[in-house]
file protein.pdb (PDB, C-alpha atoms and all ligand atoms)
ATOM      1  CA  MET A   1     136.642  88.150  97.696
ATOM      2  CA  ARG A   2     140.179  86.783  97.408
ATOM      3  CA  LEU A   3     142.477  89.015  99.465
ATOM      4  CA  LEU A   4     145.800  87.254  98.804
ATOM      5  CA  LYS A   5     145.632  86.276  95.143
ATOM      6  CA  ASN A   6     148.994  84.941  93.879
ATOM      7  CA  LYS A   7     150.874  85.979  97.048
ATOM      8  CA  ILE A   8     153.685  83.705  98.211
ATOM      9  CA  ALA A   9     153.418  83.214 101.973
ATOM     10  CA  VAL A  10     155.501  81.336 104.506
ATOM     11  CA  ILE A  11     153.936  80.470 107.855
ATOM     12  CA  THR A  12     156.083  78.971 110.600
ATOM     13  CA  GLY A  13     154.594  76.380 112.953
ATOM     14  CA  ALA A  14     151.645  75.923 110.597
ATOM     15  CA  GLY A  15     151.164  72.209 111.285
ATOM     16  CA  CYS A  16     148.454  72.860 113.863
ATOM     17  CA  GLY A  17     146.556  75.509 115.825
ATOM     18  CA  ILE A  18     146.577  79.148 114.769
ATOM     19  CA  GLY A  19     149.232  78.591 112.079
ATOM     20  CA  LYS A  20     147.214  75.848 110.410
ATOM     21  CA  ALA A  21     144.011  77.944 110.451
ATOM     22  CA  THR A  22     146.000  80.823 108.939
ATOM     23  CA  ALA A  23     147.468  78.604 106.208
ATOM     24  CA  LYS A  24     143.973  77.387 105.336
ATOM     25  CA  GLN A  25     142.578  80.928 105.084
ATOM     26  CA  PHE A  26     145.581  82.134 103.053
ATOM     27  CA  VAL A  27     145.045  79.325 100.522
ATOM     28  CA  GLN A  28     141.302  80.089 100.380
ATOM     29  CA  HIS A  29     142.228  83.705  99.622
ATOM     30  CA  GLY A  30     144.412  82.683  96.685
ATOM     31  CA  ALA A  31     147.915  82.504  98.220
ATOM     32  CA  LYS A  32     150.535  79.804  97.773
ATOM     33  CA  VAL A  33     151.672  78.782 101.247
ATOM     34  CA  VAL A  34     154.843  77.179 102.551
ATOM     35  CA  ILE A  35     154.184  75.335 105.824
ATOM     36  CA  ALA A  36     157.499  75.785 107.699
ATOM     37  CA  GLU A  37     156.949  73.360 110.532
ATOM     38  CA  PHE A  38     159.106  71.343 112.924
ATOM     39  CA  ASP A  39     156.681  68.413 113.305
ATOM     40  CA  GLU A  40     157.006  66.464 110.027
ATOM     41  CA  SER A  41     153.794  64.534 110.384
ATOM     42  CA  ASN A  42     151.566  67.557 111.179
ATOM     43  CA  GLY A  43     153.345  69.709 108.606
ATOM     44  CA  GLN A  44     152.960  67.205 105.765
ATOM     45  CA  GLN A  45     149.381  66.388 106.717
ATOM     46  CA  THR A  46     148.423  70.080 106.714
ATOM     47  CA  ALA A  47     150.013  70.623 103.302
ATOM     48  CA  ASP A  48     148.201  67.518 101.936
ATOM     49  CA  GLN A  49     144.880  68.764 103.302
ATOM     50  CA  LEU A  50     145.306  72.188 101.710
ATOM     51  CA  GLY A  51     146.080  70.821  98.232
ATOM     52  CA  ASP A  52     148.267  72.052  95.401
ATOM     53  CA  ASN A  53     148.716  75.561  96.782
ATOM     54  CA  ALA A  54     150.430  74.400  99.972
ATOM     55  CA  VAL A  55     153.788  72.741 100.438
ATOM     56  CA  TYR A  56     155.532  71.457 103.564
ATOM     57  CA  PHE A  57     159.154  72.349 104.291
ATOM     58  CA  HIS A  58     160.746  70.877 107.412
ATOM     59  CA  THR A  59     162.027  73.799 109.513
ATOM     60  CA  ASP A  60     163.401  74.457 112.951
ATOM     61  CA  VAL A  61     163.063  78.219 113.281
ATOM     62  CA  SER A  62     165.616  78.363 116.089
ATOM     63  CA  ASP A  63     168.336  76.847 113.876
ATOM     64  CA  GLU A  64     170.060  79.318 111.529
ATOM     65  CA  LYS A  65     171.026  76.623 108.995
ATOM     66  CA  SER A  66     167.482  75.294 108.872
ATOM     67  CA  VAL A  67     166.105  78.806 108.304
ATOM     68  CA  ASP A  68     168.704  79.407 105.561
ATOM     69  CA  LYS A  69     167.559  76.210 103.832
ATOM     70  CA  LEU A  70     163.915  77.339 104.044
ATOM     71  CA  PHE A  71     164.609  80.707 102.429
ATOM     72  CA  ASN A  72     166.933  79.179  99.794
ATOM     73  CA  PHE A  73     164.016  76.915  98.899
ATOM     74  CA  LEU A  74     161.690  79.942  98.676
ATOM     75  CA  ARG A  75     164.196  81.718  96.421
ATOM     76  CA  SER A  76     164.716  78.736  94.126
ATOM     77  CA  ASP A  77     161.092  77.548  93.871
ATOM     78  CA  PHE A  78     159.141  80.832  94.039
ATOM     79  CA  ASN A  79     161.757  83.570  93.622
ATOM     80  CA  ARG A  80     159.837  85.786  96.059
ATOM     81  CA  VAL A  81     158.236  86.033  99.502
ATOM     82  CA  ASP A  82     155.221  88.308  99.913
ATOM     83  CA  VAL A  83     154.200  87.372 103.458
ATOM     84  CA  LEU A  84     156.013  85.870 106.445
ATOM     85  CA  VAL A  85     153.970  84.868 109.497
ATOM     86  CA  ASN A  86     156.317  84.246 112.432
ATOM     87  CA  ASN A  87     153.831  81.985 114.216
ATOM     88  CA  ALA A  88     155.937  79.108 115.635
ATOM     89  CA  GLY A  89     156.013  79.241 119.415
ATOM     90  CA  ILE A  90     156.449  77.096 122.493
ATOM     91  CA  LEU A  91     155.807  77.265 126.232
ATOM     92  CA  ALA A  92     157.853  75.865 129.119
ATOM     93  CA  ASP A  93     156.189  77.400 132.161
ATOM     94  CA  SER A  94     157.709  77.629 135.603
ATOM     95  CA  THR A  95     157.809  80.145 138.432
ATOM     96  CA  LEU A  96     161.047  82.117 138.629
ATOM     97  CA  GLN A  97     162.278  80.096 141.601
ATOM     98  CA  LYS A  98     162.244  76.847 139.598
ATOM     99  CA  LEU A  99     163.000  78.189 136.127
ATOM    100  CA  ASP A 100     166.354  76.887 134.937
ATOM    101  CA  ALA A 101     168.479  78.663 132.352
ATOM    102  CA  ASP A 102     168.021  75.965 129.674
ATOM    103  CA  GLN A 103     164.257  76.300 129.978
ATOM    104  CA  PHE A 104     164.597  80.068 129.642
ATOM    105  CA  ASP A 105     166.838  79.759 126.562
ATOM    106  CA  ALA A 106     164.644  77.106 124.887
ATOM    107  CA  VAL A 107     161.590  79.366 124.795
ATOM    108  CA  LEU A 108     163.541  82.477 123.800
ATOM    109  CA  SER A 109     165.278  80.541 121.072
ATOM    110  CA  VAL A 110     162.077  79.446 119.288
ATOM    111  CA  ASN A 111     159.815  82.431 120.002
ATOM    112  CA  LEU A 112     162.268  85.321 119.706
ATOM    113  CA  ARG A 113     165.436  84.086 117.969
ATOM    114  CA  GLY A 114     163.238  82.123 115.515
ATOM    115  CA  SER A 115     161.267  85.277 114.651
ATOM    116  CA  TYR A 116     164.504  87.229 114.237
ATOM    117  CA  LEU A 117     166.139  84.577 111.974
ATOM    118  CA  CYS A 118     163.063  84.220 109.733
ATOM    119  CA  GLY A 119     162.423  87.973 109.714
ATOM    120  CA  ARG A 120     166.008  88.723 108.697
ATOM    121  CA  ALA A 121     165.948  86.180 105.861
ATOM    122  CA  ALA A 122     162.510  87.247 104.590
ATOM    123  CA  ALA A 123     163.390  90.952 104.743
ATOM    124  CA  GLU A 124     166.416  90.384 102.481
ATOM    125  CA  ILE A 125     164.190  88.948  99.734
ATOM    126  CA  MET A 126     161.411  91.496 100.353
ATOM    127  CA  ARG A 127     163.890  94.396 100.129
ATOM    128  CA  GLU A 128     165.049  93.164  96.719
ATOM    129  CA  GLN A 129     161.457  92.942  95.454
ATOM    130  CA  GLY A 130     160.474  96.271  97.102
ATOM    131  CA  SER A 131     157.460  94.902  98.982
ATOM    132  CA  GLY A 132     156.397  92.461 101.674
ATOM    133  CA  VAL A 133     154.552  91.899 104.931
ATOM    134  CA  ILE A 134     155.960  90.428 108.148
ATOM    135  CA  LEU A 135     153.515  89.400 110.876
ATOM    136  CA  ASN A 136     154.755  88.371 114.310
ATOM    137  CA  ALA A 137     152.945  86.324 116.989
ATOM    138  CA  SER A 138     153.032  88.103 120.324
ATOM    139  CA  SER A 139     150.517  87.583 123.146
ATOM    140  CA  VAL A 140     148.384  89.550 125.591
ATOM    141  CA  VAL A 141     150.753  88.390 128.322
ATOM    142  CA  ALA A 142     153.513  90.520 126.762
ATOM    143  CA  ARG A 143     151.606  93.591 127.877
ATOM    144  CA  ASN A 144     150.353  92.364 131.256
ATOM    145  CA  GLY A 145     152.797  89.674 132.408
ATOM    146  CA  ASN A 146     151.578  86.275 133.556
ATOM    147  CA  PHE A 147     152.284  84.136 136.596
ATOM    148  CA  GLY A 148     154.844  81.377 135.866
ATOM    149  CA  GLN A 149     155.825  82.665 132.411
ATOM    150  CA  THR A 150     159.096  84.608 132.777
ATOM    151  CA  ASN A 151     160.540  83.021 129.628
ATOM    152  CA  TYR A 152     157.366  83.138 127.507
ATOM    153  CA  VAL A 153     156.482  86.723 128.481
ATOM    154  CA  ALA A 154     160.066  87.869 127.830
ATOM    155  CA  SER A 155     159.930  86.296 124.364
ATOM    156  CA  LYS A 156     156.544  87.792 123.480
ATOM    157  CA  ALA A 157     157.492  91.253 124.788
ATOM    158  CA  GLY A 158     160.660  90.941 122.694
ATOM    159  CA  VAL A 159     158.486  90.162 119.669
ATOM    160  CA  ILE A 160     156.638  93.467 120.156
ATOM    161  CA  GLY A 161     160.002  95.215 120.383
ATOM    162  CA  ILE A 162     161.386  93.767 117.155
ATOM    163  CA  THR A 163     158.080  94.454 115.381
ATOM    164  CA  LYS A 164     158.461  98.162 116.125
ATOM    165  CA  VAL A 165     162.144  98.243 115.188
ATOM    166  CA  TRP A 166     161.506  96.478 111.875
ATOM    167  CA  ALA A 167     158.486  98.692 111.116
ATOM    168  CA  ARG A 168     160.843 101.676 111.396
ATOM    169  CA  GLU A 169     163.753 100.101 109.527
ATOM    170  CA  LEU A 170     161.917  98.385 106.673
ATOM    171  CA  GLY A 171     159.069 100.787 105.864
ATOM    172  CA  LYS A 172     161.170 102.669 103.304
ATOM    173  CA  ASP A 173     161.591  99.376 101.379
ATOM    174  CA  GLY A 174     157.826  98.846 101.096
ATOM    175  CA  ILE A 175     157.755  96.255 103.886
ATOM    176  CA  ARG A 176     155.045  96.445 106.567
ATOM    177  CA  VAL A 177     155.636  94.771 109.933
ATOM    178  CA  ASN A 178     152.912  94.176 112.524
ATOM    179  CA  ALA A 179     152.242  91.928 115.497
ATOM    180  CA  VAL A 180     149.136  90.141 116.689
ATOM    181  CA  ALA A 181     148.548  89.635 120.414
ATOM    182  CA  PRO A 182     146.099  86.774 120.955
ATOM    183  CA  GLY A 183     144.400  86.141 124.293
ATOM    184  CA  PHE A 184     143.185  82.662 125.271
ATOM    185  CA  ILE A 185     142.883  80.633 122.067
ATOM    186  CA  GLN A 186     141.814  76.968 121.950
ATOM    187  CA  THR A 187     144.805  75.053 120.544
ATOM    188  CA  ASN A 188     147.198  72.286 121.632
ATOM    189  CA  MET A 189     149.192  74.954 123.454
ATOM    190  CA  THR A 190     146.323  75.566 125.876
ATOM    191  CA  ALA A 191     144.682  72.112 125.761
ATOM    192  CA  GLY A 192     146.456  70.684 128.798
ATOM    193  CA  MET A 193     145.121  73.242 131.276
ATOM    194  CA  PRO A 194     142.943  72.040 134.155
ATOM    195  CA  GLU A 195     139.176  72.524 133.626
ATOM    196  CA  LYS A 196     139.014  74.890 136.617
ATOM    197  CA  ILE A 197     141.625  77.239 135.099
ATOM    198  CA  ILE A 198     139.963  77.110 131.683
ATOM    199  CA  LYS A 199     136.646  78.180 133.243
ATOM    200  CA  MET A 200     138.347  80.877 135.317
ATOM    201  CA  MET A 201     140.036  82.349 132.238
ATOM    202  CA  GLU A 202     136.787  82.240 130.277
ATOM    203  CA  ASP A 203     135.090  84.253 133.031
ATOM    204  CA  LYS A 204     137.763  86.946 132.697
ATOM    205  CA  VAL A 205     136.975  87.513 129.007
ATOM    206  CA  PRO A 206     134.234  90.113 128.439
ATOM    207  CA  LEU A 207     132.980  88.059 125.468
ATOM    208  CA  LYS A 208     132.728  85.004 127.795
ATOM    209  CA  ARG A 209     134.400  82.542 125.474
ATOM    210  CA  TRP A 210     137.840  81.332 124.449
ATOM    211  CA  GLY A 211     139.064  82.420 121.043
ATOM    212  CA  LEU A 212     139.285  80.024 118.113
ATOM    213  CA  PRO A 213     142.285  79.696 115.776
ATOM    214  CA  ASP A 214     140.172  81.285 113.020
ATOM    215  CA  ASP A 215     139.593  84.392 115.157
ATOM    216  CA  VAL A 216     143.347  85.034 114.948
ATOM    217  CA  ALA A 217     143.711  83.797 111.356
ATOM    218  CA  ASN A 218     141.091  86.353 110.247
ATOM    219  CA  VAL A 219     143.356  89.137 111.505
ATOM    220  CA  TYR A 220     146.504  87.690 109.907
ATOM    221  CA  THR A 221     144.629  87.436 106.606
ATOM    222  CA  PHE A 222     143.551  91.072 106.763
ATOM    223  CA  LEU A 223     147.000  92.315 107.846
ATOM    224  CA  ALA A 224     148.672  90.309 105.072
ATOM    225  CA  SER A 225     146.392  91.825 102.441
ATOM    226  CA  ASP A 226     146.649  95.118 100.589
ATOM    227  CA  ASP A 227     143.547  96.260 102.530
ATOM    228  CA  ALA A 228     145.945  96.840 105.447
ATOM    229  CA  SER A 229     148.337  98.884 103.293
ATOM    230  CA  TYR A 230     148.705 101.739 105.850
ATOM    231  CA  ILE A 231     149.021  99.582 108.969
ATOM    232  CA  ASN A 232     152.632  99.361 110.113
ATOM    233  CA  GLY A 233     154.236  98.849 113.531
ATOM    234  CA  ALA A 234     150.896  97.960 115.133
ATOM    235  CA  VAL A 235     150.131  95.342 117.770
ATOM    236  CA  ILE A 236     146.570  94.114 117.319
ATOM    237  CA  ASN A 237     144.885  92.419 120.279
ATOM    238  CA  VAL A 238     142.695  89.426 119.427
ATOM    239  CA  ASP A 239     141.544  88.581 122.921
ATOM    240  CA  GLY A 240     137.805  89.118 123.340
ATOM    241  CA  GLY A 241     138.631  92.225 125.356
ATOM    242  CA  VAL A 242     140.495  90.426 128.144
ATOM    243  CA  VAL A 243     143.082  93.195 128.540
ATOM    244  CA  VAL A 244     140.327  95.751 129.157
TER     245      VAL A 244
HETATM  246  P1  LIG A 301     150.514  75.281 118.819
HETATM  247  O1  LIG A 301     149.160  74.738 118.533
HETATM  248  O2  LIG A 301     151.345  74.660 119.885
HETATM  249  O3  LIG A 301     151.325  75.363 117.456
HETATM  250  C1  LIG A 301     152.652  75.823 117.414
HETATM  251  C2  LIG A 301     153.351  75.129 116.287
HETATM  252  O4  LIG A 301     154.705  75.604 116.226
HETATM  253  C3  LIG A 301     153.415  73.620 116.480
HETATM  254  O5  LIG A 301     153.040  72.975 115.288
HETATM  255  C4  LIG A 301     154.868  73.387 116.804
HETATM  256  O6  LIG A 301     155.377  72.115 116.409
HETATM  257  C5  LIG A 301     155.536  74.470 115.987
HETATM  258  N1  LIG A 301     156.907  74.669 116.423
HETATM  259  C6  LIG A 301     157.407  74.579 117.689
HETATM  260  N2  LIG A 301     158.729  74.765 117.687
HETATM  261  C7  LIG A 301     159.077  74.991 116.389
HETATM  262  C8  LIG A 301     160.313  75.234 115.750
HETATM  263  N3  LIG A 301     161.464  75.310 116.448
HETATM  264  N4  LIG A 301     160.322  75.424 114.414
HETATM  265  C9  LIG A 301     159.180  75.353 113.697
HETATM  266  N5  LIG A 301     157.978  75.098 114.247
HETATM  267  C10 LIG A 301     157.936  74.921 115.585
HETATM  268  O7  LIG A 301     150.410  76.843 119.217
HETATM  269  P2  LIG A 301     149.270  77.919 118.925
HETATM  270  O8  LIG A 301     148.443  78.004 120.148
HETATM  271  O9  LIG A 301     148.653  77.709 117.593
HETATM  272  O10 LIG A 301     150.176  79.235 118.919
HETATM  273  C11 LIG A 301     150.702  79.816 117.734
HETATM  274  C12 LIG A 301     151.413  81.106 118.116
HETATM  275  O11 LIG A 301     150.500  81.988 118.783
HETATM  276  C13 LIG A 301     152.567  80.871 119.111
HETATM  277  O12 LIG A 301     153.631  81.755 118.813
HETATM  278  C14 LIG A 301     151.945  81.215 120.448
HETATM  279  O13 LIG A 301     152.912  81.614 121.388
HETATM  280  C15 LIG A 301     151.017  82.342 120.056
HETATM  281  N6  LIG A 301     149.914  82.531 121.002
HETATM  282  C16 LIG A 301     149.026  81.522 121.280
HETATM  283  C17 LIG A 301     148.019  81.739 122.221
HETATM  284  C18 LIG A 301     147.014  80.672 122.592
HETATM  285  O14 LIG A 301     146.208  80.906 123.523
HETATM  286  N7  LIG A 301     146.976  79.526 121.940
HETATM  287  C19 LIG A 301     147.906  82.983 122.860
HETATM  288  C20 LIG A 301     148.833  83.980 122.541
HETATM  289  C21 LIG A 301     149.829  83.756 121.623
HETATM  290  P3  LIG A 301     155.520  70.960 117.518
HETATM  291  O15 LIG A 301     154.156  70.391 117.636
HETATM  292  O16 LIG A 301     156.548  70.037 116.941
HETATM  293  O17 LIG A 301     156.015  71.633 118.782
END
call {"tool": "encode", "arguments": {"input": "protein.pdb", "output": "structure tokens", "more": "lines below"}}
Ligand code: NAP
result
Amino acid sequence: MRLLKNKIAVITGAGCGIGKATAKQFVQHGAKVVIAEFDESNGQQTADQLGDNAVYFHTDVSDEKSVDKLFNFLRSDFNRVDVLVNNAGILADSTLQKLDADQFDAVLSVNLRGSYLCGRAAAEIMREQGSGVILNASSVVARNGNFGQTNYVASKAGVIGITKVWARELGKDGIRVNAVAPGFIQTNMTAGMPEKIIKMMEDKVPLKRWGLPDDVANVYTFLASDDASYINGAVINVDGGVVV
């Protein structure tokens, strides 16, 4: 069954990891996908791999001008946006004692400001068309905190906050807004961790395994589809039960 037939979707940070898996599923479900990615080589390669229904557009989500260019392109080439996945995200971990203000701002500026800039631009188009879905990438750590992640946790908790505000503000315009809170997912973001920590985290998960990008992409695909038509303002954990 094709859940996203003829939908126009934009996925930020879709050159690798969860974003790439989501772009692949969206295309398989009949959507046309814009890969809004900072890394030109990964972004172009992903679009090439996905074929005619995917296109790469170089984007820095933290830069207002870059986001304006992305949404001008969406207006001129597609004249609509059905789904935005605010997936782009970065880490720059440090304990509070060593965390400098630039490191704090860098993470907030991609993860939170980037989601705000893209959400604002997408909502303008979605309001005009009277429909749309915005999906935001939070994290389990937003609910529980995490050692050494003041900046990252602040950004992901902020993402839950804006999800709930937008769900309230935009519902009357036919726009649904939800967040996904992944647990430990095997991507580049988590690849550099020491083996001992990886094993320790795995032991904490009731399902006794790390998540895969497709585990999260499955949820984005459902939430983006009309099957989720009464889900709004939700934060869905995709974490193998780790928060339990
Ligand atoms: P990833 O593999 O590192 O992919 C993130 C992508 O975002 C990269 O392609 C990255 O490009 C891109 N990006 C970074 N800064 C950008 C910018 N300013 N503008 C546009 N694109 C930018 O990460 P992931 O693990 O798939 O994570 C995807 C999302 O899920 C993130 O928001 C992350 O915080 C969240 N999440 C992940 C996990 C996990 O365990 N993996 C858990 C909870 C939440 P570059 O390669 O150039 O940096």
call {"tool": "residues_around", "arguments": {"input": "protein.pdb", "residues": "stretch 220-230 of chain A", "least_positions_apart": "4", "cutoff": "12 Å", "atoms": "all atoms listed in the file", "output": "ChimeraX atom specification"}}
result
/A:1-11,18-31,81-87,131-137,167,171,174-182,213-216,234-238
call {"tool": "closest_residue", "arguments": {"input": "protein.pdb", "among": "A:Val153, A:Leu170, A:Ala14, A:Leu99", "to": "A:His58", "atoms": "all atoms listed in the file"}}
result
A:Ala14
call {"tool": "residues_near_ligand", "arguments": {"input": "protein.pdb", "ligand": "ligand LIG 301 (chain A)", "cutoff": "8 Å", "atoms": "all atoms listed in the file", "output": "PyMOL selection string"}}
result
chain A and resi 12-20+36-40+42-43+58-63+86-91+109-111+114+137-141+152+156+181-190+211+213
call {"tool": "atom_distance", "arguments": {"input": "protein.pdb", "atom1": "atom CA of A:Val67", "atom2": "atom CA of A:Cys118"}}
result
6.4 Å
call {"tool": "closest_residue", "arguments": {"input": "protein.pdb", "among": "A:Ala121, A:Ile35, A:Leu50, A:Met193", "to": "A:Glu64", "atoms": "all atoms listed in the file"}}
result
A:Ala121
call {"tool": "atom_distance", "arguments": {"input": "protein.pdb", "atom1": "atom CA of A:Ala191", "atom2": "atom CA of A:Leu212"}}
result
12.3 Å
call {"tool": "atom_distance", "arguments": {"input": "protein.pdb", "atom1": "atom CA of A:Ser94", "atom2": "atom CA of A:Gly148"}}
result
4.7 Å
call {"tool": "resolve_selection", "arguments": {"input": "protein.pdb", "expression": "the PyMOL selection byres (((chain A and resi 147) around 9) and not hetatm)", "output": "PDB file with C-alpha atoms, in the frame of the given file"}}
result
ATOM      1  CA  ASP A  93     156.189  77.400 132.161  1.00  0.00           C
ATOM      2  CA  SER A  94     157.709  77.629 135.603  1.00  0.00           C
ATOM      3  CA  THR A  95     157.809  80.145 138.432  1.00  0.00           C
ATOM      4  CA  GLY A 145     152.797  89.674 132.408  1.00  0.00           C
ATOM      5  CA  ASN A 146     151.578  86.275 133.556  1.00  0.00           C
ATOM      6  CA  GLY A 148     154.844  81.377 135.866  1.00  0.00           C
ATOM      7  CA  GLN A 149     155.825  82.665 132.411  1.00  0.00           C
ATOM      8  CA  THR A 150     159.096  84.608 132.777  1.00  0.00           C
TER       9      THR A 150
END
call {"tool": "closest_residue", "arguments": {"input": "protein.pdb", "among": "A:Gly240, A:Ile125, A:Asp100, A:Asn151", "to": "A:Leu112", "atoms": "all atoms listed in the file"}}
result
A:Asn151
call {"tool": "axis_aligned_box", "arguments": {"input": "protein.pdb", "around": "stretch 161-165 of chain A", "padding_each_side": "3 Å", "output": "lines of an AutoDock Vina configuration file"}}
result
center_x = 160.1
center_y = 96.0
center_z = 117.8
size_x = 10.1
size_y = 10.5
size_z = 11.2
call {"tool": "build_atoms", "arguments": {"input": "protein.pdb", "residues": "stretch 150-164 of chain A", "atoms": "N, CA, C and O atoms", "output": "mmCIF file, keeping the file's coordinate frame"}}
result
data_model
loop_
_atom_site.group_PDB
_atom_site.id
_atom_site.type_symbol
_atom_site.label_atom_id
_atom_site.label_comp_id
_atom_site.auth_asym_id
_atom_site.auth_seq_id
_atom_site.Cartn_x
_atom_site.Cartn_y
_atom_site.Cartn_z
ATOM 1 N N THR A 150 157.964 83.685 132.994
ATOM 2 C CA THR A 150 159.096 84.608 132.777
ATOM 3 C C THR A 150 159.636 84.487 131.355
ATOM 4 O O THR A 150 159.800 85.488 130.642
ATOM 5 N N ASN A 151 159.927 83.248 130.946
ATOM 6 C CA ASN A 151 160.540 83.021 129.628
ATOM 7 C C ASN A 151 159.583 83.382 128.482
ATOM 8 O O ASN A 151 159.946 84.093 127.547
ATOM 9 N N TYR A 152 158.350 82.904 128.577
ATOM 10 C CA TYR A 152 157.366 83.138 127.507
ATOM 11 C C TYR A 152 157.052 84.636 127.378
ATOM 12 O O TYR A 152 157.030 85.191 126.278
ATOM 13 N N VAL A 153 156.816 85.288 128.510
ATOM 14 C CA VAL A 153 156.482 86.723 128.481
ATOM 15 C C VAL A 153 157.665 87.531 127.933
ATOM 16 O O VAL A 153 157.484 88.443 127.118
ATOM 17 N N ALA A 154 158.879 87.158 128.348
ATOM 18 C CA ALA A 154 160.066 87.869 127.830
ATOM 19 C C ALA A 154 160.132 87.730 126.311
ATOM 20 O O ALA A 154 160.399 88.698 125.589
ATOM 21 N N SER A 155 159.854 86.516 125.824
ATOM 22 C CA SER A 155 159.930 86.296 124.364
ATOM 23 C C SER A 155 158.857 87.096 123.636
ATOM 24 O O SER A 155 159.118 87.704 122.593
ATOM 25 N N LYS A 156 157.654 87.122 124.186
ATOM 26 C CA LYS A 156 156.544 87.792 123.480
ATOM 27 C C LYS A 156 156.642 89.319 123.582
ATOM 28 O O LYS A 156 156.176 90.037 122.694
ATOM 29 N N ALA A 157 157.225 89.810 124.687
ATOM 30 C CA ALA A 157 157.492 91.253 124.788
ATOM 31 C C ALA A 157 158.601 91.617 123.803
ATOM 32 O O ALA A 157 158.554 92.660 123.141
ATOM 33 N N GLY A 158 159.584 90.729 123.673
ATOM 34 C CA GLY A 158 160.660 90.941 122.694
ATOM 35 C C GLY A 158 160.107 90.997 121.278
ATOM 36 O O GLY A 158 160.568 91.793 120.444
ATOM 37 N N VAL A 159 159.106 90.178 121.001
ATOM 38 C CA VAL A 159 158.486 90.162 119.669
ATOM 39 C C VAL A 159 157.846 91.523 119.367
ATOM 40 O O VAL A 159 157.944 92.038 118.248
ATOM 41 N N ILE A 160 157.209 92.125 120.373
ATOM 42 C CA ILE A 160 156.638 93.467 120.156
ATOM 43 C C ILE A 160 157.769 94.462 119.866
ATOM 44 O O ILE A 160 157.674 95.287 118.958
ATOM 45 N N GLY A 161 158.853 94.320 120.600
ATOM 46 C CA GLY A 161 160.002 95.215 120.383
ATOM 47 C C GLY A 161 160.546 95.117 118.968
ATOM 48 O O GLY A 161 160.704 96.141 118.289
ATOM 49 N N ILE A 162 160.787 93.886 118.503
ATOM 50 C CA ILE A 162 161.386 93.767 117.155
ATOM 51 C C ILE A 162 160.390 94.188 116.077
ATOM 52 O O ILE A 162 160.771 94.719 115.036
ATOM 53 N N THR A 163 159.108 94.006 116.344
ATOM 54 C CA THR A 163 158.080 94.454 115.381
ATOM 55 C C THR A 163 158.216 95.960 115.154
ATOM 56 O O THR A 163 158.180 96.447 114.015
ATOM 57 N N LYS A 164 158.394 96.689 116.246
ATOM 58 C CA LYS A 164 158.461 98.162 116.125
ATOM 59 C C LYS A 164 159.775 98.609 115.479
ATOM 60 O O LYS A 164 159.794 99.548 114.682
#
